[in-house]
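The file entry.txt contains compact mmCIF, C-alpha atoms:
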# COMPACT_ATOMS: atom_id res chain seq x y z
CA MET A 15 0.00 0.00 0.00
CA SER A 16 1.24 3.44 -0.89
CA ARG A 17 1.22 5.79 2.08
CA ILE A 18 1.83 8.81 -0.11
CA GLY A 19 -0.89 7.79 -2.55
CA LYS A 20 -3.49 7.49 0.22
CA LYS A 21 -2.83 10.95 1.65
CA PRO A 22 -5.48 13.49 0.53
CA ILE A 23 -4.41 16.78 -1.07
CA PRO A 24 -6.10 19.83 0.49
CA ILE A 25 -7.33 22.40 -2.02
CA PRO A 26 -6.44 25.93 -0.82
CA LYS A 27 -8.75 28.91 -1.25
CA GLY A 28 -8.51 30.52 -4.67
CA VAL A 29 -7.56 27.26 -6.42
CA THR A 30 -9.89 25.51 -8.85
CA VAL A 31 -9.40 21.91 -9.92
CA LYS A 32 -10.97 20.30 -12.99
CA ILE A 33 -10.66 16.59 -13.65
CA GLU A 34 -11.01 15.58 -17.30
CA GLY A 35 -10.22 11.92 -17.94
CA ASN A 36 -6.54 11.33 -17.17
CA THR A 37 -5.75 15.05 -16.96
CA VAL A 38 -6.04 17.29 -13.91
CA LEU A 39 -6.25 21.04 -14.59
CA VAL A 40 -5.25 23.23 -11.64
CA GLN A 41 -5.71 26.99 -11.72
CA GLY A 42 -4.63 29.41 -9.01
CA PRO A 43 -3.17 32.85 -8.32
CA LYS A 44 0.26 32.01 -9.83
CA GLY A 45 -0.98 30.43 -13.04
CA LYS A 46 -2.52 27.37 -14.60
CA LEU A 47 -1.05 23.85 -14.79
CA ASP A 48 -2.26 20.60 -16.23
CA THR A 49 -0.98 17.22 -15.08
CA ALA A 50 -1.33 13.94 -16.95
CA LEU A 51 -2.03 10.94 -14.75
CA PRO A 52 -0.66 7.42 -15.32
CA ALA A 53 -3.05 4.79 -16.64
CA GLY A 54 -5.09 3.05 -13.96
CA ILE A 55 -5.11 6.01 -11.53
CA LYS A 56 -8.24 8.09 -10.99
CA VAL A 57 -8.52 11.34 -9.08
CA GLU A 58 -11.65 12.49 -7.25
CA GLN A 59 -12.63 15.61 -5.34
CA LYS A 60 -14.14 14.95 -1.91
CA ASP A 61 -14.86 17.51 0.81
CA GLY A 62 -12.35 20.11 -0.41
CA ASN A 63 -9.63 17.49 -0.92
CA ILE A 64 -8.25 15.62 -3.91
CA VAL A 65 -7.88 11.87 -3.50
CA ALA A 66 -5.91 9.55 -5.83
CA ILE A 67 -7.52 6.13 -6.29
CA ARG A 68 -5.98 3.18 -8.10
CA GLU A 69 -8.10 0.64 -9.95
CA ASN A 70 -6.17 -2.43 -8.75
CA ASP A 71 -2.90 -3.36 -7.07
CA SER A 72 -0.95 -3.53 -10.33
CA GLN A 73 -0.80 0.30 -10.30
CA ALA A 74 0.69 0.44 -6.80
CA ALA A 75 4.03 1.61 -8.17
CA VAL A 76 2.54 4.77 -9.73
CA HIS A 77 -0.10 5.53 -7.08
CA GLY A 78 2.19 7.76 -5.00
CA LEU A 79 3.68 9.30 -8.15
CA ALA A 80 0.26 10.40 -9.40
CA ARG A 81 -0.59 11.96 -6.04
CA ALA A 82 2.78 13.75 -5.90
CA LEU A 83 2.35 15.17 -9.42
CA VAL A 84 -1.07 16.63 -8.57
CA ASN A 85 0.21 17.94 -5.23
CA ASN A 86 3.16 19.66 -6.94
CA ALA A 87 0.75 21.31 -9.38
CA VAL A 88 -1.39 22.61 -6.50
CA GLU A 89 1.71 23.88 -4.66
CA GLY A 90 3.01 25.49 -7.86
CA VAL A 91 -0.10 27.56 -8.51
CA THR A 92 -0.40 28.68 -4.88
CA ARG A 93 3.15 29.23 -3.53
CA GLY A 94 5.31 28.70 -6.60
CA TRP A 95 8.70 27.07 -6.96
CA THR A 96 12.15 28.57 -7.21
CA ARG A 97 15.17 27.00 -8.84
CA GLU A 98 18.69 28.26 -8.36
CA LEU A 99 21.63 27.57 -10.60
CA GLU A 100 25.10 28.05 -9.16
CA ILE A 101 28.05 28.38 -11.53
CA VAL A 102 31.26 27.07 -9.98
CA GLY A 103 34.64 28.15 -11.33
CA ILE A 104 37.17 30.96 -11.11
CA GLY A 105 36.01 33.86 -13.24
CA TYR A 106 32.78 32.15 -14.22
CA ARG A 107 29.75 34.41 -14.14
CA ALA A 108 26.41 35.12 -15.72
CA GLU A 109 24.52 38.29 -16.54
CA MET A 110 21.12 39.13 -17.97
CA LYS A 111 21.01 40.77 -21.37
CA GLY A 112 17.54 42.16 -21.76
CA LYS A 113 14.69 40.12 -20.38
CA GLY A 114 15.04 36.86 -22.31
CA MET A 115 18.78 36.33 -22.69
CA ILE A 116 21.47 35.09 -20.31
CA VAL A 117 25.13 35.70 -21.14
CA PHE A 118 27.60 33.23 -19.61
CA ASN A 119 31.33 33.87 -19.23
CA LEU A 120 32.71 30.39 -18.68
CA GLY A 121 36.40 30.56 -19.48
CA TYR A 122 36.01 30.32 -23.23
CA SER A 123 37.38 32.95 -25.60
CA HIS A 124 33.85 34.25 -26.16
CA PRO A 125 30.74 34.74 -24.02
CA ILE A 126 27.90 32.25 -24.53
CA GLU A 127 24.45 33.74 -25.07
CA TYR A 128 21.53 31.53 -24.06
CA PRO A 129 17.96 32.59 -24.93
CA LEU A 130 15.39 31.68 -22.29
CA PRO A 131 12.43 29.60 -23.45
CA THR A 132 8.98 31.15 -23.31
CA GLY A 133 7.42 30.92 -19.88
CA VAL A 134 10.76 30.86 -18.04
CA ASP A 135 11.86 33.93 -16.09
CA ALA A 136 15.30 34.26 -14.58
CA SER A 137 17.35 36.80 -12.67
CA VAL A 138 20.99 37.04 -11.67
CA ASP A 139 21.86 37.65 -8.02
CA PRO A 140 23.39 41.17 -7.87
CA GLN A 141 25.82 40.33 -5.03
CA ALA A 142 27.06 37.06 -6.55
CA ASP A 143 26.96 37.00 -10.33
CA GLU A 144 27.45 33.24 -10.37
CA ARG A 145 23.88 32.54 -9.18
CA LEU A 146 20.80 32.39 -11.37
CA ARG A 147 17.35 32.33 -9.83
CA SER A 148 14.20 31.25 -11.62
CA PRO A 149 10.81 31.58 -9.90
CA GLY A 150 7.68 30.10 -11.43
CA SER A 151 4.72 27.83 -10.99
CA THR A 152 6.60 24.77 -12.28
CA GLY A 153 10.22 23.82 -11.81
CA SER A 154 10.32 21.29 -14.64
CA ARG A 155 10.41 23.89 -17.42
CA TRP A 156 13.54 25.51 -15.99
CA GLY A 157 14.98 22.06 -15.32
CA ARG A 158 14.74 21.16 -19.00
CA SER A 159 16.30 24.44 -20.09
CA ARG A 160 19.03 24.02 -17.45
CA LEU A 161 20.07 20.80 -19.15
CA LYS A 162 20.55 22.63 -22.44
CA CYS A 163 22.30 25.46 -20.64
CA GLY A 164 24.62 23.08 -18.79
CA ARG A 165 25.90 21.65 -22.05
CA CYS A 166 27.74 24.93 -22.64
CA VAL A 167 30.01 24.21 -19.70
CA ARG A 168 32.64 21.59 -19.13
CA PRO A 169 31.35 18.73 -16.95
CA ILE A 170 30.97 19.32 -13.20
CA ARG A 171 31.21 23.09 -13.56
CA ILE A 172 27.52 23.87 -13.11
CA ARG A 173 25.27 22.40 -10.48
CA THR A 174 21.69 22.90 -9.49
CA ARG A 175 21.19 23.99 -5.94
CA ALA A 176 18.04 24.08 -3.84
CA CYS A 177 15.99 22.28 -6.48
CA GLY A 178 12.30 22.64 -6.02
CA THR A 179 12.41 24.80 -2.91
CA ARG A 180 9.37 26.89 -2.26
CA ALA A 181 9.53 30.59 -2.96
CA SER A 182 8.96 32.71 0.10
CA ALA A 183 5.53 34.26 0.04

Exercise: express the given structure as structure tokens:
Amino acid sequence: MSRIGKKPIPIPKGVTVKIEGNTVLVQGPKGKLDTALPAGIKVEQKDGNIVAIRENDSQAAVHGLARALVNNAVEGVTRGWTRELEIVGIGYRAEMKGKGMIVFNLGYSHPIEYPLPTGVDASVDPQADERLRSPGSTGSRWGRSRLKCGRCVRPIRIRTRACGTRASA
């Protein structure tokens, strides 16, 4: 039995949840997210809570996963998530060029310009220009772009720090 899967998800005030087949649409003050559920898992709303129910025991492995995905969507539209990227190396730094471009100085003969994907906001810490901060309702979008961004650097020179920490309200 999945202990995480059995735990109900409270729906905060100002959050609306729509269940359409295997998709859960969550809308709140920080945006709108949709989450696809694994096959064999159903989600129901009961008494201001969301409950994940599995059809039979063969879906036990994904029961807790489905509940965690929906919970992360609810947390994302209410509190939000923040991802930080720390660049490690002597002389390595990053700076914002406009609103949608990050310029990395990583020890190469030229700076590397990286355009941010749509829906991803980032800022550079003014005291330490080797830290990037990206707030948002979902951390996975920045995580995917971080992988592309990390390919610019030699291995073990960039690391993600404080992944998925909640933004202070």

Check your understanding: Can you tell me, as number ranges by chain, what residues are no more than 7 Å from Gly150 (chain A) when counting all atoms listed in the file, ignoring any on the same chain fewer than 5 positions away?
Key -> A: 94-96

Please produce, as a Markdown table, a per-residue contact table for region 71-107 of chain A versus region 52-61 of chain A (criterion: any atom at most 8 Å away, all atoms listed in the file considered), showing the nearest atom pair and its distance in Å to one decimal, sorted by chain then residue number.
| residue | atom | partner | partner_atom | distance |
| --- | --- | --- | --- | --- |
| A:Gln73 | CA | A:Gly54 | CA | 6.3 |
| A:Val76 | CA | A:Pro52 | CA | 7.0 |
| A:His77 | CA | A:Ile55 | CA | 6.7 |
| A:Ala80 | CA | A:Pro52 | CA | 6.7 |

Point to revise | Distance in Å - CA of Ala142 (chain A) versus CA of Arg93 (chain A) | key: 25.3 Å

Exercise for review: To one decimal in Å, tell me the separation between CA of His124 (chain A) and CA of Leu99 (chain A).
Suggested key: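 One can read the CA of His124 (chain A) to CA of Leu99 (chain A) distance as 20.9 Å.
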
Review point. Out of A:Val102, A:Leu146, A:Asp139, A:Glu89, which residue has the shortest atom-to-atom distance to Ile116 (chain A) when counting only C-alpha atoms?
Key: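 When distances to Ile116 (chain A) are compared using only C-alpha atoms, the smallest one comes from A:Leu146.
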
Enclose all atoms of region 84-101 of chain A listed in the file in an axis-aligned box, grow every side by 8 Å, and hand back centre and edge lengths in Å to one decimal, as lines of an AutoDock Vina configuration file.
center_x = 13.3
center_y = 22.9
center_z = -7.5
size_x = 45.4
size_y = 28.6
size_z = 24.0

Point to revise | Nearest to Lys113 (chain A) by atom-to-atom distance, counting all atoms listed in the file, from A:Val40, A:Val138, A:Ile126, A:Val91 | key: A:Val138

Practice item. Counting only C-alpha atoms, figure out which residue out of A:Ile23, A:Leu51, A:Met115, A:Met110 gets nearest to Ser137 (chain A). Key: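 Among the listed residues, the smallest separation from Ser137 (chain A) belongs to A:Met110.
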
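Across the structure, CA of Glu69 (chain A) and CA of Gly90 (chain A) are spaced 27.3 Å apart.
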
Find the spatial neighbours of Thr49 (chain A), counting all atoms listed in the file, within a cut-off of 10 Å - ignore same-chain residues fewer than 6 positions away - and output them as a PDB file with C-alpha atoms, keeping the file's coordinate frame.
ATOM      1  CA  ILE A  33     -10.660  16.590 -13.650  1.00  0.00           C
ATOM      2  CA  ASN A  36      -6.540  11.330 -17.170  1.00  0.00           C
ATOM      3  CA  THR A  37      -5.750  15.050 -16.960  1.00  0.00           C
ATOM      4  CA  VAL A  38      -6.040  17.290 -13.910  1.00  0.00           C
ATOM      5  CA  LEU A  39      -6.250  21.040 -14.590  1.00  0.00           C
ATOM      6  CA  VAL A  40      -5.250  23.230 -11.640  1.00  0.00           C
ATOM      7  CA  ALA A  80       0.260  10.400  -9.400  1.00  0.00           C
ATOM      8  CA  LEU A  83       2.350  15.170  -9.420  1.00  0.00           C
ATOM      9  CA  VAL A  84      -1.070  16.630  -8.570  1.00  0.00           C
ATOM     10  CA  ASN A  85       0.210  17.940  -5.230  1.00  0.00           C
ATOM     11  CA  ASN A  86       3.160  19.660  -6.940  1.00  0.00           C
ATOM     12  CA  ALA A  87       0.750  21.310  -9.380  1.00  0.00           C
TER      13      ALA A  87
END

Practice item. Could you give me, as a PyMOL selection string, the residues within 9 Å of Arg81 (chain A), counting only C-alpha atoms and dropping anything in the same chain fewer than 6 positions from it? Key: chain A and resi 18-23+51+57+64-66

Review point. Using only C-alpha atoms, which of the listed residues (A:Pro125, A:Gly114, A:Gly103, A:Gly78) sits closest to Arg17 (chain A)?
Key: A:Gly78

Exercise for review: Find, counting all atoms listed in the file, the residue in A:Asn119, A:Thr92, A:Ser148, A:Thr132 that gets nearest to Pro24 (chain A).
Suggested key: A:Thr92

When you get a chance, write out all heavy atoms for region 72-83 of chain A, as an mmCIF file, in the frame of the given file.
data_model
loop_
_atom_site.group_PDB
_atom_site.id
_atom_site.type_symbol
_atom_site.label_atom_id
_atom_site.label_comp_id
_atom_site.auth_asym_id
_atom_site.auth_seq_id
_atom_site.Cartn_x
_atom_site.Cartn_y
_atom_site.Cartn_z
ATOM 1 N N SER A 72 -2.032 -3.564 -9.351
ATOM 2 C CA SER A 72 -0.950 -3.530 -10.330
ATOM 3 C C SER A 72 -0.443 -2.097 -10.566
ATOM 4 O O SER A 72 0.645 -1.904 -11.083
ATOM 5 C CB SER A 72 -1.399 -4.148 -11.654
ATOM 6 O OG SER A 72 -2.421 -3.365 -12.236
ATOM 7 N N GLN A 73 -1.226 -1.090 -10.179
ATOM 8 C CA GLN A 73 -0.800 0.300 -10.300
ATOM 9 C C GLN A 73 -0.207 0.850 -9.001
ATOM 10 O O GLN A 73 -0.082 2.058 -8.837
ATOM 11 C CB GLN A 73 -1.977 1.201 -10.711
ATOM 12 C CG GLN A 73 -2.362 1.087 -12.147
ATOM 13 C CD GLN A 73 -3.360 -0.027 -12.370
ATOM 14 O OE1 GLN A 73 -4.025 -0.455 -11.454
ATOM 15 N NE2 GLN A 73 -3.451 -0.496 -13.599
ATOM 16 N N ALA A 74 0.159 -0.010 -8.093
ATOM 17 C CA ALA A 74 0.690 0.440 -6.800
ATOM 18 C C ALA A 74 1.966 1.244 -6.959
ATOM 19 O O ALA A 74 2.241 2.159 -6.180
ATOM 20 C CB ALA A 74 0.938 -0.765 -5.885
ATOM 21 N N ALA A 75 2.759 0.923 -7.983
ATOM 22 C CA ALA A 75 4.030 1.610 -8.170
ATOM 23 C C ALA A 75 3.853 3.064 -8.586
ATOM 24 O O ALA A 75 4.711 3.906 -8.310
ATOM 25 C CB ALA A 75 4.872 0.885 -9.219
ATOM 26 N N VAL A 76 2.749 3.407 -9.249
ATOM 27 C CA VAL A 76 2.540 4.770 -9.730
ATOM 28 C C VAL A 76 1.480 5.522 -8.931
ATOM 29 O O VAL A 76 1.176 6.672 -9.233
ATOM 30 C CB VAL A 76 2.181 4.790 -11.232
ATOM 31 C CG1 VAL A 76 3.340 4.312 -12.059
ATOM 32 C CG2 VAL A 76 0.939 3.978 -11.504
ATOM 33 N N HIS A 77 0.937 4.889 -7.890
ATOM 34 C CA HIS A 77 -0.100 5.530 -7.080
ATOM 35 C C HIS A 77 0.451 6.764 -6.364
ATOM 36 O O HIS A 77 -0.129 7.847 -6.413
ATOM 37 C CB HIS A 77 -0.643 4.504 -6.078
ATOM 38 C CG HIS A 77 -1.842 4.983 -5.325
ATOM 39 N ND1 HIS A 77 -2.143 4.502 -4.077
ATOM 40 C CD2 HIS A 77 -2.794 5.897 -5.608
ATOM 41 C CE1 HIS A 77 -3.241 5.087 -3.640
ATOM 42 N NE2 HIS A 77 -3.650 5.950 -4.552
ATOM 43 N N GLY A 78 1.569 6.633 -5.695
ATOM 44 C CA GLY A 78 2.190 7.760 -5.000
ATOM 45 C C GLY A 78 2.713 8.808 -5.964
ATOM 46 O O GLY A 78 2.670 10.006 -5.681
ATOM 47 N N LEU A 79 3.194 8.368 -7.126
ATOM 48 C CA LEU A 79 3.680 9.300 -8.150
ATOM 49 C C LEU A 79 2.549 10.203 -8.629
ATOM 50 O O LEU A 79 2.728 11.422 -8.740
ATOM 51 C CB LEU A 79 4.263 8.527 -9.328
ATOM 52 C CG LEU A 79 4.551 9.360 -10.578
ATOM 53 C CD1 LEU A 79 5.770 10.229 -10.355
ATOM 54 C CD2 LEU A 79 4.724 8.481 -11.786
ATOM 55 N N ALA A 80 1.393 9.615 -8.914
ATOM 56 C CA ALA A 80 0.260 10.400 -9.400
ATOM 57 C C ALA A 80 -0.168 11.434 -8.363
ATOM 58 O O ALA A 80 -0.438 12.591 -8.696
ATOM 59 C CB ALA A 80 -0.907 9.477 -9.742
ATOM 60 N N ARG A 81 -0.212 11.030 -7.111
ATOM 61 C CA ARG A 81 -0.590 11.960 -6.040
ATOM 62 C C ARG A 81 0.439 13.072 -5.908
ATOM 63 O O ARG A 81 0.102 14.245 -5.746
ATOM 64 C CB ARG A 81 -0.713 11.203 -4.724
ATOM 65 C CG ARG A 81 -1.281 12.041 -3.597
ATOM 66 C CD ARG A 81 -0.189 12.332 -2.603
ATOM 67 N NE ARG A 81 -0.721 13.134 -1.515
ATOM 68 C CZ ARG A 81 -0.049 14.123 -0.972
ATOM 69 N NH1 ARG A 81 1.145 14.440 -1.407
ATOM 70 N NH2 ARG A 81 -0.562 14.819 0.007
ATOM 71 N N ALA A 82 1.728 12.745 -6.015
ATOM 72 C CA ALA A 82 2.780 13.750 -5.900
ATOM 73 C C ALA A 82 2.741 14.738 -7.064
ATOM 74 O O ALA A 82 2.975 15.940 -6.869
ATOM 75 C CB ALA A 82 4.146 13.076 -5.832
ATOM 76 N N LEU A 83 2.439 14.272 -8.276
ATOM 77 C CA LEU A 83 2.350 15.170 -9.420
ATOM 78 C C LEU A 83 1.219 16.187 -9.250
ATOM 79 O O LEU A 83 1.394 17.380 -9.521
ATOM 80 C CB LEU A 83 2.135 14.368 -10.709
ATOM 81 C CG LEU A 83 3.309 13.530 -11.192
ATOM 82 C CD1 LEU A 83 2.890 12.654 -12.360
ATOM 83 C CD2 LEU A 83 4.479 14.403 -11.563
#
